[in-house]
Amino acid sequence: MKAVLEVRQLTKKFADAGIENLDFSLREGCITGFIGRNGSGKTTTIKTILGLYLKDGGSIKFRGHEMKEHEQKIKSSIGVVLDEGYFYEEMTLREMKSVLAPAYSNWDDAVFSAYIQRFQLNLDQKIASLSKGMRMKFAIALAVSHHADLLIMDEPTSGLDPLVRKELMEILLEYMKEEGKSVFFSTHITSDLDKIADVLILIDKGRIIFNESKDDLLDRHAIVKGDNIFINEHTKKLFLRLRQTALGFEGITANKQAVYEQMNDVVFERPSIETIMLAYIGDETHVI
Amino acid sequence: MLFNLVKKDFLLAKKYILAMVLFAVAGPIFIYSKLGISGGSFISFLITLLFVEYILFNMVAMTEDKYKGAALLCTTPYTRNGVVKAKFLFILVLFICCFLLYNLATVIVGSSGLERLSMSDAGTALLIVAVFFGILIPFQFYFGYEKTKYISFFVIFLTPFILPGLIQLYQELDLASPVQMLSSQPRFVSDWLPFIAAFLIGIISMHVSVKIYSEKNL
């Protein structure tokens with residue numbers, strides 16, 4: 001699969017946080033989940049990619065073209081949904097659209113109207129009066145109405161109820177049905193990605209912890225439960241997290257095959273993305 | 001694309017537009033009737049113009065600061081460069097609107113003495129606007145709306161203390177006033193020089209603002 005966006009050695013430093021030497025690619029036809037706790041560097045990464053933060057180093061290429069040099073052309077192929085919306089709330093939906101639409105040479109009013117009807121939005125309503133869910137839907141309608149090839153979404157599900165989140169996932173799957181589309185989706189609510197993500201990137205303290213396909217990740221990791229007799233100095237190293245009680249142990253491993261070979265009579269369970277994420281970035285007090 | 005960003009500024013200030021249109025017509029008539037001095041037409045236009053421009057510019061800047069909409073605009077094919085240029089274009093469009101509305105006012109009260117502006121008067125007004133906003137806009141891009149507000153307040157507060165001293169110094173130096181210098185020039189020069197100077201100041205200020213804004217994290 002071709003890379004739609006390539007990020008190399010991307011660095012953005014702030015006094016107390018930032019991102020350092022990030023390397024990753026977004027593949028065409030894939031939904032890439034960008035996960036990590038609050039303050040891990042997700043929004044900084046997205047804002048730096050979009051040029052809202054000035055990078056301190058590295059390169060960002062969209063379909064092989066350097067972002068900085070072809071900014072206008074590249075941005076007409078990208079749809080963006082930002083966490084806080086950044087809408088002029090005193091405008092109506094129609095006014096906001098009338099400001100943004102002329103920026104795109106390939107704006108499609110028919111697509112926009114179809115989404116507005118589907119989401120049951122009133123174009124004459126003020127943005128300030130929209131609920132968080134409606135605001136997110138309006139942001140999506142704006143983001144996809146110029147036939148964007150890449151949809152970049154920063155925490156779009158944050159603060160939404162489960163029903164709206166489910167609806168958003170369906171919209172993304174529909175969007176992906178068209179050929180050549182890709183989604184880059186940051187979230188700290190990993191359950192949203194269980195069903196739809198193809199690739200997962202975990203970021204923590206501004207550095208990438210892992211970047212691999214969801215299926216490989218779930219195949220490689222396992223929750224292991226068994227008797228304490230299997231735990232020794234050697235086998236302890238096979239676990240990312242391990243909890244022992246008088247009744248037995250429970251741990252999460254990133255090397256399911258090795259555990260399988262060295263321990264018999266233990267139970268393997270498939271972990272969730274959240275469990276895997278917390279195994280890598282949870283603090284010392286965190287257990288499975 | 002720039003005009004869409006100017007349209008955006010008008011949409012942000014839409015609540016005040018009608019009041020400002022009325023003021024742009026009634027303001028010069030009222031101020032002129034109270035001044036009763038020669039050259040009162042120009043002064044009444046200038047005061048109205050600065051008032052309308054400053055109020056609307058400030059309203060837009062306040063709303064921009066509140067919603068950080070420029071960040072969303074910069075995720076689209078609108079560039080930072082365009083966002084800055086549109087601010088200057090907004091000021092120019094307001095100037096043209098105020099000028100046209102002032103002319104409407106002179107037609108409405110034709111017999112009161114409120115005169116149409118000469119070419120050099122219009123140019124001088126544009127030059128004053130260019131100097132004022134040529135300083136204010138880059139300042140605001142650098143410091144942001146809130147800090148600029150406090151700095152402006154501080155400057156206005158200091159003005160009564162500093163201005164008399166400056167006027168006294170000016171009188172002691174016995175320099176010719178820019179208006180005197182301008183009127184002693186040939187007609188063609190006195191008509192066009194203020195416009196040229198205004199555009200030069202505007203372009204320099206625009207370049208400075210573009211540079212400042214290109215280095216900002218949004």
# chains A, B, ... in the order shown; residues from 1 in each chain; ligands from 1
>>> closest_atom_pairs(of="chain A", to="chain B", cutoff="8 Å", atoms="only C-alpha atoms", output="JSON lines")
{"residue": "A:Leu50", "atom": "CA", "partner": "B:Thr75", "partner_atom": "CA", "distance": 6.0}
{"residue": "A:Gly51", "atom": "CA", "partner": "B:Thr75", "partner_atom": "CA", "distance": 7.6}
{"residue": "A:Leu52", "atom": "CA", "partner": "B:Leu218", "partner_atom": "CA", "distance": 5.1}
{"residue": "A:Tyr53", "atom": "CA", "partner": "B:Asn217", "partner_atom": "CA", "distance": 4.5}
{"residue": "A:Leu54", "atom": "CA", "partner": "B:Asn217", "partner_atom": "CA", "distance": 6.2}
{"residue": "A:Glu71", "atom": "CA", "partner": "B:Pro77", "partner_atom": "CA", "distance": 7.3}
{"residue": "A:Gln72", "atom": "CA", "partner": "B:Pro77", "partner_atom": "CA", "distance": 4.5}
{"residue": "A:Lys73", "atom": "CA", "partner": "B:Pro77", "partner_atom": "CA", "distance": 7.0}
{"residue": "A:Ile74", "atom": "CA", "partner": "B:Pro77", "partner_atom": "CA", "distance": 7.9}
{"residue": "A:Lys75", "atom": "CA", "partner": "B:Pro77", "partner_atom": "CA", "distance": 5.2}
{"residue": "A:Ser76", "atom": "CA", "partner": "B:Pro77", "partner_atom": "CA", "distance": 5.7}
{"residue": "A:Ile78", "atom": "CA", "partner": "B:Thr76", "partner_atom": "CA", "distance": 7.9}
{"residue": "A:Gly79", "atom": "CA", "partner": "B:Thr76", "partner_atom": "CA", "distance": 7.9}
{"residue": "A:Val80", "atom": "CA", "partner": "B:Thr75", "partner_atom": "CA", "distance": 6.8}
{"residue": "A:Leu82", "atom": "CA", "partner": "B:Leu72", "partner_atom": "CA", "distance": 7.9}
{"residue": "A:Gly85", "atom": "CA", "partner": "B:Leu72", "partner_atom": "CA", "distance": 7.7}
{"residue": "A:Tyr86", "atom": "CA", "partner": "B:Gly69", "partner_atom": "CA", "distance": 5.0}
{"residue": "A:Phe87", "atom": "CA", "partner": "B:Gly69", "partner_atom": "CA", "distance": 5.6}
{"residue": "A:Tyr88", "atom": "CA", "partner": "B:Tyr67", "partner_atom": "CA", "distance": 5.7}
{"residue": "A:Glu89", "atom": "CA", "partner": "B:Tyr67", "partner_atom": "CA", "distance": 7.2}
{"residue": "A:Glu90", "atom": "CA", "partner": "B:Leu12", "partner_atom": "CA", "distance": 7.3}
{"residue": "A:Met91", "atom": "CA", "partner": "B:Leu12", "partner_atom": "CA", "distance": 7.2}
{"residue": "A:Glu95", "atom": "CA", "partner": "B:Leu11", "partner_atom": "CA", "distance": 7.6}
{"residue": "A:Val99", "atom": "CA", "partner": "B:Lys8", "partner_atom": "CA", "distance": 6.0}
{"residue": "A:Leu100", "atom": "CA", "partner": "B:Leu73", "partner_atom": "CA", "distance": 7.3}
{"residue": "A:Pro102", "atom": "CA", "partner": "B:Met1", "partner_atom": "CA", "distance": 6.9}
{"residue": "A:Ala103", "atom": "CA", "partner": "B:Pro77", "partner_atom": "CA", "distance": 5.6}
{"residue": "A:Tyr104", "atom": "CA", "partner": "B:Pro77", "partner_atom": "CA", "distance": 6.6}
>>> write_last_selection(atoms="C-alpha atoms", output="PDB file, in the first residue's frame")
ATOM      1  CA  LEU A  50      -1.078  20.782   9.704  1.00  0.00           C
ATOM      2  CA  GLY A  51       1.379  23.644  10.073  1.00  0.00           C
ATOM      3  CA  LEU A  52      -0.446  25.217  13.002  1.00  0.00           C
ATOM      4  CA  TYR A  53       2.658  24.650  15.124  1.00  0.00           C
ATOM      5  CA  LEU A  54       6.007  25.397  13.530  1.00  0.00           C
ATOM      6  CA  GLU A  71       0.816  23.731   1.401  1.00  0.00           C
ATOM      7  CA  GLN A  72      -2.209  25.069  -0.467  1.00  0.00           C
ATOM      8  CA  LYS A  73      -2.478  22.162  -2.903  1.00  0.00           C
ATOM      9  CA  ILE A  74      -1.990  19.546  -0.190  1.00  0.00           C
ATOM     10  CA  LYS A  75      -4.490  21.159   2.156  1.00  0.00           C
ATOM     11  CA  SER A  76      -7.201  20.947  -0.500  1.00  0.00           C
ATOM     12  CA  ILE A  78      -7.008  17.023   3.477  1.00  0.00           C
ATOM     13  CA  GLY A  79     -10.117  17.250   5.631  1.00  0.00           C
ATOM     14  CA  VAL A  80      -9.630  18.260   9.236  1.00  0.00           C
ATOM     15  CA  LEU A  82     -10.200  19.501  15.368  1.00  0.00           C
ATOM     16  CA  GLY A  85     -13.844  22.897  16.665  1.00  0.00           C
ATOM     17  CA  TYR A  86     -12.323  26.359  16.319  1.00  0.00           C
ATOM     18  CA  PHE A  87     -15.533  27.564  14.720  1.00  0.00           C
ATOM     19  CA  TYR A  88     -16.681  31.170  14.902  1.00  0.00           C
ATOM     20  CA  GLU A  89     -19.576  30.348  17.165  1.00  0.00           C
ATOM     21  CA  GLU A  90     -21.502  33.523  16.473  1.00  0.00           C
ATOM     22  CA  MET A  91     -21.863  32.554  12.823  1.00  0.00           C
ATOM     23  CA  GLU A  95     -22.131  31.534   7.141  1.00  0.00           C
ATOM     24  CA  VAL A  99     -16.298  31.215   4.545  1.00  0.00           C
ATOM     25  CA  LEU A 100     -14.645  27.789   4.266  1.00  0.00           C
ATOM     26  CA  PRO A 102     -14.473  28.962  -1.372  1.00  0.00           C
ATOM     27  CA  ALA A 103     -11.030  27.912  -0.104  1.00  0.00           C
ATOM     28  CA  TYR A 104     -11.434  24.554  -1.882  1.00  0.00           C
TER      29      TYR A 104
END
>>> select_by_dssp(residues="region 89-230 of chain A", states="strand (DSSP E)", output="PyMOL selection string")
chain A and resi 150-154+182-187+199-204+207-213+222-226
>>> residues_around(residues="Asp227 (chain A)", least_positions_apart="2", cutoff="8 Å", atoms="only C-alpha atoms", output="ChimeraX atom specification")
/A:225,229-231,247-249,266
>>> write_last_selection(atoms="C-alpha atoms", output="short mmCIF file (atom, residue, chain, number, x, y, z; two decimals), in the first residue's frame")
data_model
loop_
_atom_site.label_atom_id
_atom_site.label_comp_id
_atom_site.auth_asym_id
_atom_site.auth_seq_id
_atom_site.Cartn_x
_atom_site.Cartn_y
_atom_site.Cartn_z
CA LYS A 225 -3.30 -16.26 33.67
CA ILE A 229 4.85 -21.80 39.94
CA PHE A 230 5.44 -20.61 36.34
CA ILE A 231 6.79 -17.27 37.45
CA LEU A 247 -4.19 -17.51 43.96
CA GLY A 248 -1.96 -17.13 40.91
CA PHE A 249 -0.67 -14.60 38.39
CA VAL A 266 -1.75 -21.31 31.50
#
>>> residues_around(residues="Asp191 (chain B)", least_positions_apart="2", cutoff="10 Å", atoms="only C-alpha atoms", output="short mmCIF file (atom, residue, chain, number, x, y, z; two decimals) with C-alpha atoms, in the first residue's frame")
data_model
loop_
_atom_site.label_atom_id
_atom_site.label_comp_id
_atom_site.auth_asym_id
_atom_site.auth_seq_id
_atom_site.Cartn_x
_atom_site.Cartn_y
_atom_site.Cartn_z
CA SER B 118 -10.61 66.91 -2.10
CA MET B 119 -8.26 64.29 -3.49
CA SER B 120 -5.49 65.28 -1.09
CA ASP B 121 -7.91 65.24 1.89
CA ALA B 122 -8.95 61.69 1.03
CA GLY B 123 -5.28 60.74 0.60
CA THR B 124 -4.33 62.35 3.91
CA LEU B 182 2.24 69.15 1.03
CA SER B 183 0.29 72.26 0.01
CA GLN B 185 3.99 71.05 -3.74
CA PRO B 186 2.55 70.96 -7.27
CA ARG B 187 -1.10 69.85 -7.39
CA PHE B 188 -0.35 66.44 -8.89
CA VAL B 189 2.17 65.65 -6.13
CA LEU B 193 1.71 61.67 -2.50
CA PRO B 194 -0.49 60.77 0.51
CA PHE B 195 -1.94 57.79 -1.38
CA ILE B 196 1.52 56.56 -2.37
#
>>> select_by_dssp(residues="region 64-182 of chain A", states="helix (DSSP H, G or I)", output="JSON, numbers by chain")
{"A": [71, 72, 73, 74, 75, 93, 94, 95, 96, 97, 98, 99, 100, 101, 102, 103, 109, 110, 111, 112, 113, 114, 115, 116, 117, 118, 127, 128, 129, 132, 133, 134, 135, 136, 137, 138, 139, 140, 141, 142, 143, 144, 162, 163, 164, 165, 166, 167, 168, 169, 170, 171, 172, 173, 174, 175, 176, 177]}
>>> residues_around(residues="Phe57 (chain B)", least_positions_apart="6", cutoff="10 Å", atoms="only C-alpha atoms", output="mmCIF file with C-alpha atoms, in the first residue's frame")
data_model
loop_
_atom_site.group_PDB
_atom_site.id
_atom_site.type_symbol
_atom_site.label_atom_id
_atom_site.label_comp_id
_atom_site.auth_asym_id
_atom_site.auth_seq_id
_atom_site.Cartn_x
_atom_site.Cartn_y
_atom_site.Cartn_z
ATOM 1 C CA ASP B 9 -14.502 39.723 8.999
ATOM 2 C CA PHE B 10 -17.739 41.465 7.998
ATOM 3 C CA ALA B 13 -18.779 42.204 12.890
ATOM 4 C CA PHE B 51 -13.912 55.549 15.008
ATOM 5 C CA LYS B 87 -6.766 42.185 7.592
ATOM 6 C CA PHE B 90 -10.532 44.782 5.447
ATOM 7 C CA ILE B 91 -9.203 48.172 6.603
ATOM 8 C CA LEU B 94 -13.826 49.978 5.402
ATOM 9 C CA PHE B 133 -3.278 50.455 11.546
ATOM 10 C CA ILE B 137 -1.899 45.313 13.096
#
>>> residues_around(residues="region 194-199 of chain A", least_positions_apart="2", cutoff="12 Å", atoms="only C-alpha atoms", output="PyMOL selection string")
chain A and resi 24-35+165-166+168-176+182-187+189-192+201-202+210-218+271-276
>>> write_last_selection(atoms="N, CA and C atoms", output="tab-separated table (two decimals), in the first residue's frame")
chain	number	residue	atom	x	y	z
A	24	PHE	N	6.68	8.05	11.16
A	24	PHE	CA	5.58	7.13	10.83
A	24	PHE	C	5.01	7.48	9.47
A	25	SER	N	4.29	6.54	8.89
A	25	SER	CA	3.63	6.76	7.60
A	25	SER	C	2.17	6.38	7.74
A	26	LEU	N	1.32	7.08	7.02
A	26	LEU	CA	-0.10	6.71	6.96
A	26	LEU	C	-0.31	6.06	5.60
A	27	ARG	N	-0.84	4.85	5.63
A	27	ARG	CA	-1.01	4.13	4.37
A	27	ARG	C	-2.38	4.38	3.77
A	28	GLU	N	-2.39	4.42	2.46
A	28	GLU	CA	-3.64	4.65	1.72
A	28	GLU	C	-4.61	3.51	2.00
A	29	GLY	N	-5.86	3.84	2.17
A	29	GLY	CA	-6.89	2.82	2.41
A	29	GLY	C	-6.94	2.33	3.84
A	30	CYS	N	-6.23	3.00	4.74
A	30	CYS	CA	-6.19	2.54	6.14
A	30	CYS	C	-6.73	3.61	7.09
A	31	ILE	N	-7.36	3.11	8.15
A	31	ILE	CA	-7.70	3.99	9.28
A	31	ILE	C	-6.59	3.81	10.31
A	32	THR	N	-5.86	4.86	10.57
A	32	THR	CA	-4.77	4.78	11.55
A	32	THR	C	-5.22	5.45	12.84
A	33	GLY	N	-5.21	4.68	13.90
A	33	GLY	CA	-5.57	5.22	15.21
A	33	GLY	C	-4.32	5.74	15.88
A	34	PHE	N	-4.41	6.96	16.38
A	34	PHE	CA	-3.26	7.59	17.05
A	34	PHE	C	-3.64	7.69	18.52
A	35	ILE	N	-3.06	6.80	19.31
A	35	ILE	CA	-3.53	6.70	20.69
A	35	ILE	C	-2.46	7.13	21.69
A	165	ARG	N	-20.85	8.40	19.05
A	165	ARG	CA	-19.54	7.82	18.72
A	165	ARG	C	-19.69	6.68	17.74
A	166	LYS	N	-20.72	5.87	17.96
A	166	LYS	CA	-20.97	4.74	17.06
A	166	LYS	C	-21.31	5.25	15.66
A	168	LEU	N	-20.37	8.04	14.36
A	168	LEU	CA	-19.14	8.56	13.75
A	168	LEU	C	-18.32	7.42	13.13
A	169	MET	N	-18.24	6.31	13.86
A	169	MET	CA	-17.49	5.15	13.34
A	169	MET	C	-18.10	4.67	12.03
A	170	GLU	N	-19.42	4.68	11.97
A	170	GLU	CA	-20.10	4.24	10.74
A	170	GLU	C	-19.79	5.18	9.58
A	171	ILE	N	-19.79	6.48	9.89
A	171	ILE	CA	-19.47	7.48	8.84
A	171	ILE	C	-18.06	7.25	8.31
A	172	LEU	N	-17.14	6.98	9.22
A	172	LEU	CA	-15.75	6.76	8.80
A	172	LEU	C	-15.64	5.52	7.91
A	173	LEU	N	-16.36	4.47	8.28
A	173	LEU	CA	-16.31	3.24	7.47
A	173	LEU	C	-16.90	3.50	6.09
A	174	GLU	N	-17.95	4.30	6.05
A	174	GLU	CA	-18.57	4.66	4.76
A	174	GLU	C	-17.59	5.46	3.91
A	175	TYR	N	-16.93	6.41	4.58
A	175	TYR	CA	-15.95	7.27	3.89
A	175	TYR	C	-14.83	6.41	3.29
A	176	MET	N	-14.46	5.36	4.01
A	176	MET	CA	-13.34	4.52	3.57
A	176	MET	C	-13.70	3.61	2.40
A	182	SER	N	-8.01	7.74	3.28
A	182	SER	CA	-7.31	7.36	4.51
A	182	SER	C	-7.80	8.23	5.66
A	183	VAL	N	-7.69	7.67	6.86
A	183	VAL	CA	-8.10	8.44	8.05
A	183	VAL	C	-6.99	8.36	9.10
A	184	PHE	N	-6.70	9.49	9.70
A	184	PHE	CA	-5.76	9.55	10.83
A	184	PHE	C	-6.55	10.11	12.01
A	185	PHE	N	-6.68	9.31	13.05
A	185	PHE	CA	-7.70	9.55	14.05
A	185	PHE	C	-7.05	9.48	15.44
A	186	SER	N	-6.91	10.61	16.11
A	186	SER	CA	-6.32	10.54	17.45
A	186	SER	C	-7.41	10.40	18.50
A	187	THR	N	-7.13	9.62	19.50
A	187	THR	CA	-8.11	9.43	20.57
A	187	THR	C	-7.44	8.85	21.81
A	189	ILE	N	-9.80	7.36	23.73
A	189	ILE	CA	-10.86	6.37	23.98
A	189	ILE	C	-10.63	5.22	22.99
A	190	THR	N	-9.85	4.26	23.41
A	190	THR	CA	-9.39	3.23	22.47
A	190	THR	C	-10.50	2.28	22.01
A	191	SER	N	-11.58	2.21	22.75
A	191	SER	CA	-12.66	1.30	22.35
A	191	SER	C	-13.24	1.72	20.99
A	192	ASP	N	-13.10	3.01	20.64
A	192	ASP	CA	-13.58	3.47	19.34
A	192	ASP	C	-12.82	2.81	18.21
A	201	ILE	N	-0.94	3.58	16.28
A	201	ILE	CA	0.32	4.21	16.70
A	201	ILE	C	0.11	4.68	18.13
A	202	LEU	N	0.99	4.21	19.02
A	202	LEU	CA	0.91	4.66	20.41
A	202	LEU	C	2.01	5.68	20.67
A	210	PHE	N	4.74	2.22	19.86
A	210	PHE	CA	4.62	1.21	18.81
A	210	PHE	C	3.83	1.76	17.64
A	211	ASN	N	4.02	1.12	16.48
A	211	ASN	CA	3.35	1.54	15.25
A	211	ASN	C	3.19	0.29	14.40
A	212	GLU	N	2.05	-0.38	14.53
A	212	GLU	CA	1.86	-1.60	13.75
A	212	GLU	C	0.38	-1.87	13.49
A	213	SER	N	0.13	-2.86	12.66
A	213	SER	CA	-1.26	-3.15	12.31
A	213	SER	C	-1.99	-3.67	13.55
A	214	LYS	N	-3.26	-3.33	13.62
A	214	LYS	CA	-4.04	-3.72	14.81
A	214	LYS	C	-4.05	-5.24	14.97
A	215	ASP	N	-4.22	-5.95	13.86
A	215	ASP	CA	-4.30	-7.41	13.94
A	215	ASP	C	-3.00	-8.01	14.47
A	216	ASP	N	-1.86	-7.52	13.95
A	216	ASP	CA	-0.57	-8.02	14.43
A	216	ASP	C	-0.40	-7.74	15.91
A	217	LEU	N	-0.82	-6.54	16.28
A	217	LEU	CA	-0.67	-6.11	17.67
A	217	LEU	C	-1.49	-7.03	18.60
A	218	LEU	N	-2.72	-7.29	18.18
A	218	LEU	CA	-3.59	-8.13	19.01
A	218	LEU	C	-3.12	-9.58	18.99
A	271	PRO	N	-6.36	-9.58	24.53
A	271	PRO	CA	-6.49	-8.28	25.22
A	271	PRO	C	-7.23	-7.25	24.37
A	272	SER	N	-7.72	-6.22	25.01
A	272	SER	CA	-8.29	-5.09	24.24
A	272	SER	C	-7.14	-4.12	23.92
A	273	ILE	N	-7.41	-3.19	23.03
A	273	ILE	CA	-6.36	-2.20	22.70
A	273	ILE	C	-6.02	-1.39	23.95
A	274	GLU	N	-7.05	-1.11	24.73
A	274	GLU	CA	-6.82	-0.31	25.94
A	274	GLU	C	-5.87	-1.03	26.90
A	275	THR	N	-6.07	-2.35	27.04
A	275	THR	CA	-5.21	-3.12	27.94
A	275	THR	C	-3.76	-3.06	27.45
A	276	ILE	N	-3.60	-3.21	26.13
A	276	ILE	CA	-2.24	-3.16	25.57
A	276	ILE	C	-1.62	-1.79	25.81
>>> atom_distance(atom1="CA of Ala222 (chain A)", atom2="CA of Phe268 (chain A)")
6.1 Å
>>> residues_around(residues="Gly144 (chain B)", least_positions_apart="6", cutoff="10 Å", atoms="only C-alpha atoms", output="short mmCIF file (atom, residue, chain, number, x, y, z; two decimals) with N, CA and C atoms, in the first residue's frame")
data_model
loop_
_atom_site.label_atom_id
_atom_site.label_comp_id
_atom_site.auth_asym_id
_atom_site.auth_seq_id
_atom_site.Cartn_x
_atom_site.Cartn_y
_atom_site.Cartn_z
N ALA B 61 -11.16 41.45 15.93
CA ALA B 61 -9.98 40.93 16.64
C ALA B 61 -10.40 40.21 17.93
N MET B 62 -11.39 40.78 18.62
CA MET B 62 -11.86 40.18 19.86
C MET B 62 -12.49 38.81 19.59
N ASP B 65 -9.87 36.28 18.68
CA ASP B 65 -9.14 35.86 19.87
C ASP B 65 -9.97 34.87 20.70
N ILE B 137 -1.73 46.69 13.58
CA ILE B 137 -1.90 45.31 13.10
C ILE B 137 -0.68 44.43 13.41
N PRO B 138 0.54 44.85 13.03
CA PRO B 138 1.68 44.00 13.39
C PRO B 138 1.82 43.83 14.89
#
>>> closest_residue(among="A:Val81, A:Lys13, A:Val7, A:Asn38", to="Lys61 (chain A)", atoms="only C-alpha atoms")
A:Val7
